[in-house]
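Reading through the structure tokens given below for one structure.
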Number of protein chains: 2
Amino acid sequence: MIDGSPGAVQGAFRALADPTRRDILVFLSRQDMTISEVASRFDITRAAVKKHLTILEQGALISVHPSGRERINRLEPLGLKSVADWLNYFDRFWDDRLHNLQEAIEEEERQKDD
Amino acid sequence: MIDGSPGAVQGAFRALADPTRRDILVFLSRQDMTISEVASRFDITRAAVKKHLTILEQGALISVHPSGRERINRLEPLGLKSVADWLNYFDRFWDDRLHNLQEAIEEEERQKDD
DNA sequence: TATATGAGATACCAAATGGTATCATGTCAA
DNA sequence: TTGACATGATACCATTTGGTATCTCATATA
């Protein structure tokens with residue numbers, strides 16, 4: 001088994017599959033935001049943004065902190081790290097296979113230049 | 001912008017969102033396989049596996065090489081690397097103290113932009 | 001040649017997904 | 001207290017997604 005905690009990894013990958021959610025993570029990396037603040041960055045309704053934030057929270061990529069009538073959304077880098085850890089399994093292939101691949105590509109490029 | 005080639009990153013993240021597809025990648029990391037060989041590892045039909053392989057190919061996570069009447073599916077580490085590169089943006093946030101520092105800097109930048 | 005086999009192509013289905021609109025609730029402030 | 005505002009909750013819709021079944025095509029092989 002590769003996943004240390006399979007469920008968590010699945011939630012994180014699921015959350016990252018949507019481009020809007022990835023953009024939200026970038027925004028939150030710069031600054032904590034309320035739902036409305038996040039929503040103001042997009043052309044979709046606040047309700048849709050709320051759904052995205054819920055999925056991000058389920059994937060443990062953000063945490064939510066109530067403050068009065070607002071809810072502050074905060075990036076949780078640890079969740080992203082679980083994804084990076086999963087990818088780490090393939091690190092060794094980036095060394096050998098990737099090297100060979102790169103050579104093959106360059107060789108192909110040379111042959112096109114005829 | 002974070003993505004070097006946005007479309008490619010989206011395709012890769014989309015492909016990785018499904019646990020069956022992530023398992024397929026692990027199998028292919030050990031050994032190249034035909035569609036039927038991959039399908040024999042799962043309890044779903046060969047047609048369903050074929051769909052997964054198509055999505056993996058669209059995400060540039062595997063490549064397909066016809067050989068006679070068979071089609072060899074091969075892991076493409078380069079596609080996974082594009083995902084890792086996207087995640088690299090968040091490397092600095094894995095340390096909370098760096099996060100706070102970065103936040104202050106970015107906030108200053110943001111207020112200039114408004 | 002005849003036949004078995006690997007793969008492609010559709011058509012179809014149930015469930016999940018991303019979105020909207022609408023209404024309810026809690027909290028701040030005048 | 002009353003109104004304004006941030007959020008929660010629900011119902012609903014169109015599209016995508018993961019899956020099956022079935023048919024056809026191409027290619028080994030007896």
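Lettering and numbering for the structure tokens are positional, with chains as A, B, ... in the shown order, residues counted from 1 in each chain, and ligands counted from 1 in the shown order.
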
Near region 76-87 of chain B, within 6 Å and counting only C-alpha atoms (C1' of nucleotides), which residues show up once chain neighbours fewer than 6 positions away are dropped, as a PyMOL selection string? (chain A and resi 94) or (chain B and resi 60-62)

Test item: residues at most 10 Å from DT27 (chain C), only C-alpha atoms (C1' of nucleotides), excluding those fewer than 3 positions along its chain, as a ChimeraX atom specification: /A:68-70 /D:5-6

Keeping all heavy atoms for every residue in the selection just given, could you write it to a file as a JSON list (two decimals), in the first residue's frame?
[["chain", "number", "residue", "atom", "x", "y", "z"],
["A", 68, "GLY", "N", -17.16, 35.65, 14.75],
["A", 68, "GLY", "CA", -18.37, 36.46, 14.69],
["A", 68, "GLY", "C", -19.31, 35.87, 13.66],
["A", 68, "GLY", "O", -19.55, 34.67, 13.66],
["A", 69, "ARG", "N", -19.79, 36.72, 12.78],
["A", 69, "ARG", "CA", -20.69, 36.18, 11.75],
["A", 69, "ARG", "C", -19.93, 35.76, 10.50],
["A", 69, "ARG", "O", -20.53, 35.37, 9.51],
["A", 69, "ARG", "CB", -21.75, 37.23, 11.40],
["A", 69, "ARG", "CG", -21.19, 38.48, 10.79],
["A", 69, "ARG", "CD", -22.30, 39.45, 10.41],
["A", 69, "ARG", "NE", -21.75, 40.80, 10.23],
["A", 69, "ARG", "CZ", -22.50, 41.84, 9.90],
["A", 69, "ARG", "NH1", -23.80, 41.72, 9.75],
["A", 69, "ARG", "NH2", -21.95, 43.03, 9.75],
["A", 70, "GLU", "N", -18.61, 35.90, 10.56],
["A", 70, "GLU", "CA", -17.81, 35.51, 9.40],
["A", 70, "GLU", "C", -17.16, 34.15, 9.62],
["A", 70, "GLU", "O", -17.09, 33.65, 10.74],
["A", 70, "GLU", "CB", -16.72, 36.56, 9.12],
["A", 70, "GLU", "CG", -17.28, 37.93, 8.81],
["A", 70, "GLU", "CD", -16.16, 38.93, 8.50],
["A", 70, "GLU", "OE1", -15.02, 38.68, 8.96],
["A", 70, "GLU", "OE2", -16.43, 39.93, 7.84],
["D", 5, "DC", "P", -26.05, 46.18, 3.79],
["D", 5, "DC", "OP1", -25.07, 47.23, 3.43],
["D", 5, "DC", "OP2", -27.10, 45.76, 2.85],
["D", 5, "DC", "O5'", -25.23, 44.91, 4.26],
["D", 5, "DC", "C5'", -24.46, 44.97, 5.45],
["D", 5, "DC", "C4'", -24.07, 43.57, 5.89],
["D", 5, "DC", "O4'", -25.20, 42.93, 6.56],
["D", 5, "DC", "C3'", -23.69, 42.63, 4.75],
["D", 5, "DC", "O3'", -22.51, 41.95, 5.12],
["D", 5, "DC", "C2'", -24.87, 41.68, 4.66],
["D", 5, "DC", "C1'", -25.26, 41.60, 6.11],
["D", 5, "DC", "N1", -26.62, 41.08, 6.36],
["D", 5, "DC", "C2", -26.82, 40.19, 7.42],
["D", 5, "DC", "O2", -25.85, 39.88, 8.11],
["D", 5, "DC", "N3", -28.07, 39.71, 7.65],
["D", 5, "DC", "C4", -29.07, 40.08, 6.88],
["D", 5, "DC", "N4", -30.28, 39.60, 7.15],
["D", 5, "DC", "C5", -28.90, 41.00, 5.78],
["D", 5, "DC", "C6", -27.67, 41.47, 5.57],
["D", 6, "DA", "P", -21.48, 41.43, 4.03],
["D", 6, "DA", "OP1", -20.31, 42.32, 4.03],
["D", 6, "DA", "OP2", -22.26, 41.20, 2.79],
["D", 6, "DA", "O5'", -21.04, 40.02, 4.62],
["D", 6, "DA", "C5'", -20.57, 39.92, 5.95],
["D", 6, "DA", "C4'", -20.68, 38.49, 6.42],
["D", 6, "DA", "O4'", -22.05, 38.23, 6.80],
["D", 6, "DA", "C3'", -20.31, 37.47, 5.35],
["D", 6, "DA", "O3'", -19.41, 36.51, 5.91],
["D", 6, "DA", "C2'", -21.64, 36.84, 4.94],
["D", 6, "DA", "C1'", -22.49, 37.03, 6.19],
["D", 6, "DA", "N9", -23.91, 37.18, 5.89],
["D", 6, "DA", "C8", -24.47, 38.00, 4.95],
["D", 6, "DA", "N7", -25.78, 37.94, 4.89],
["D", 6, "DA", "C5", -26.10, 37.01, 5.88],
["D", 6, "DA", "C6", -27.34, 36.51, 6.33],
["D", 6, "DA", "N6", -28.52, 36.87, 5.82],
["D", 6, "DA", "N1", -27.32, 35.61, 7.34],
["D", 6, "DA", "C2", -26.13, 35.23, 7.85],
["D", 6, "DA", "N3", -24.91, 35.65, 7.51],
["D", 6, "DA", "C4", -24.96, 36.55, 6.51]]

Residues near region 21-29 of chain A, anyone? I mean within 9 Å using only C-alpha atoms (C1' of nucleotides), not counting same-chain ones fewer than 2 positions away, as a ChimeraX atom specification. /A:15-19,31-33,38,41,49,52-53,55-56,61-62,73-77 /B:2,89-90,93,99,102-103

Pull out every residue of chain B sitting within 12 Å of chain C, counting only C-alpha atoms (C1' of nucleotides), and send them as a PyMOL selection string. chain B and resi 34-37+46-47+49-51+54+66-72

File of the preceding selection, N, CA and C atoms, as a PDB file, in the first residue's frame:
ATOM      1  N   THR B  34      -0.689  -4.372 -21.226  1.00  0.00           N
ATOM      2  CA  THR B  34      -1.779  -4.201 -22.176  1.00  0.00           C
ATOM      3  C   THR B  34      -3.046  -3.866 -21.397  1.00  0.00           C
ATOM      4  N   ILE B  35      -4.082  -3.481 -22.128  1.00  0.00           N
ATOM      5  CA  ILE B  35      -5.346  -3.148 -21.488  1.00  0.00           C
ATOM      6  C   ILE B  35      -5.887  -4.338 -20.702  1.00  0.00           C
ATOM      7  N   SER B  36      -5.833  -5.512 -21.334  1.00  0.00           N
ATOM      8  CA  SER B  36      -6.374  -6.694 -20.667  1.00  0.00           C
ATOM      9  C   SER B  36      -5.597  -7.038 -19.410  1.00  0.00           C
ATOM     10  N   GLU B  37      -4.284  -6.838 -19.456  1.00  0.00           N
ATOM     11  CA  GLU B  37      -3.472  -7.110 -18.273  1.00  0.00           C
ATOM     12  C   GLU B  37      -3.862  -6.172 -17.131  1.00  0.00           C
ATOM     13  N   ARG B  46     -13.258  -4.614 -18.949  1.00  0.00           N
ATOM     14  CA  ARG B  46     -12.147  -4.092 -19.747  1.00  0.00           C
ATOM     15  C   ARG B  46     -12.513  -2.739 -20.359  1.00  0.00           C
ATOM     16  N   ALA B  47     -13.782  -2.568 -20.731  1.00  0.00           N
ATOM     17  CA  ALA B  47     -14.212  -1.294 -21.310  1.00  0.00           C
ATOM     18  C   ALA B  47     -14.029  -0.150 -20.311  1.00  0.00           C
ATOM     19  N   VAL B  49     -11.893  -0.086 -17.839  1.00  0.00           N
ATOM     20  CA  VAL B  49     -10.449   0.149 -17.718  1.00  0.00           C
ATOM     21  C   VAL B  49      -9.948   0.966 -18.901  1.00  0.00           C
ATOM     22  N   LYS B  50     -10.455   0.629 -20.077  1.00  0.00           N
ATOM     23  CA  LYS B  50     -10.059   1.380 -21.269  1.00  0.00           C
ATOM     24  C   LYS B  50     -10.368   2.868 -21.105  1.00  0.00           C
ATOM     25  N   LYS B  51     -11.530   3.181 -20.547  1.00  0.00           N
ATOM     26  CA  LYS B  51     -11.881   4.591 -20.327  1.00  0.00           C
ATOM     27  C   LYS B  51     -10.873   5.256 -19.392  1.00  0.00           C
ATOM     28  N   THR B  54      -7.723   5.913 -21.197  1.00  0.00           N
ATOM     29  CA  THR B  54      -7.860   7.065 -22.097  1.00  0.00           C
ATOM     30  C   THR B  54      -7.678   8.376 -21.335  1.00  0.00           C
ATOM     31  N   PRO B  66       1.047   0.829 -29.743  1.00  0.00           N
ATOM     32  CA  PRO B  66       0.501  -0.335 -30.446  1.00  0.00           C
ATOM     33  C   PRO B  66       1.607  -1.319 -30.784  1.00  0.00           C
ATOM     34  N   SER B  67       1.285  -2.599 -30.574  1.00  0.00           N
ATOM     35  CA  SER B  67       2.239  -3.659 -30.920  1.00  0.00           C
ATOM     36  C   SER B  67       1.423  -4.850 -31.389  1.00  0.00           C
ATOM     37  N   GLY B  68       1.318  -5.005 -32.696  1.00  0.00           N
ATOM     38  CA  GLY B  68       0.435  -6.031 -33.222  1.00  0.00           C
ATOM     39  C   GLY B  68      -0.998  -5.666 -32.901  1.00  0.00           C
ATOM     40  N   ARG B  69      -1.717  -6.618 -32.377  1.00  0.00           N
ATOM     41  CA  ARG B  69      -3.103  -6.291 -32.012  1.00  0.00           C
ATOM     42  C   ARG B  69      -3.203  -5.829 -30.566  1.00  0.00           C
ATOM     43  N   GLU B  70      -2.071  -5.740 -29.894  1.00  0.00           N
ATOM     44  CA  GLU B  70      -2.075  -5.279 -28.501  1.00  0.00           C
ATOM     45  C   GLU B  70      -1.703  -3.812 -28.423  1.00  0.00           C
ATOM     46  N   ARG B  71      -2.017  -3.226 -27.278  1.00  0.00           N
ATOM     47  CA  ARG B  71      -1.623  -1.838 -27.040  1.00  0.00           C
ATOM     48  C   ARG B  71      -0.949  -1.776 -25.672  1.00  0.00           C
ATOM     49  N   ILE B  72       0.327  -1.458 -25.706  1.00  0.00           N
ATOM     50  CA  ILE B  72       1.117  -1.411 -24.475  1.00  0.00           C
ATOM     51  C   ILE B  72       0.958  -0.052 -23.803  1.00  0.00           C
TER      52      ILE B  72
END

Within 7 Å of chain B: residues of chain D, using only C-alpha atoms (C1' of nucleotides), as a ChimeraX atom specification: /D:19,26-27

Can you write out the residues you just picked, keeping C-alpha atoms (C1' of nucleotides), as an mmCIF file, in the first residue's frame?
data_model
loop_
_atom_site.group_PDB
_atom_site.id
_atom_site.type_symbol
_atom_site.label_atom_id
_atom_site.label_comp_id
_atom_site.auth_asym_id
_atom_site.auth_seq_id
_atom_site.Cartn_x
_atom_site.Cartn_y
_atom_site.Cartn_z
ATOM 1 C "C1'" DG D 19 -19.861 1.753 -15.171
ATOM 2 C "C1'" DA D 26 -8.098 -6.217 -36.728
ATOM 3 C "C1'" DT D 27 -4.697 -9.646 -35.983
#

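Going from CA of Ser63 (chain B) to CA of Asp91 (chain B) covers 29.1 Å.
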
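Put simply, CA of Gln10 (chain A) is 10.6 Å away from CA of Thr20 (chain B).
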
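Between Arg14 (chain B) and the residues D:DC12, D:DC23, D:DT17, D:DT2, the shortest atom-to-atom distance, using only C-alpha atoms (C1' of nucleotides), involves D:DT17.
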
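Shortest atom-to-atom contact with chain A among B:Ala8, B:Asp43, B:Glu57, B:Phe13: B:Phe13, counting only C-alpha atoms.
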
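When only C-alpha atoms are used to measure the gap to chain B, the shortest distance among A:Ala12, A:Val64, A:Arg30, A:Gly7 belongs to A:Arg30.
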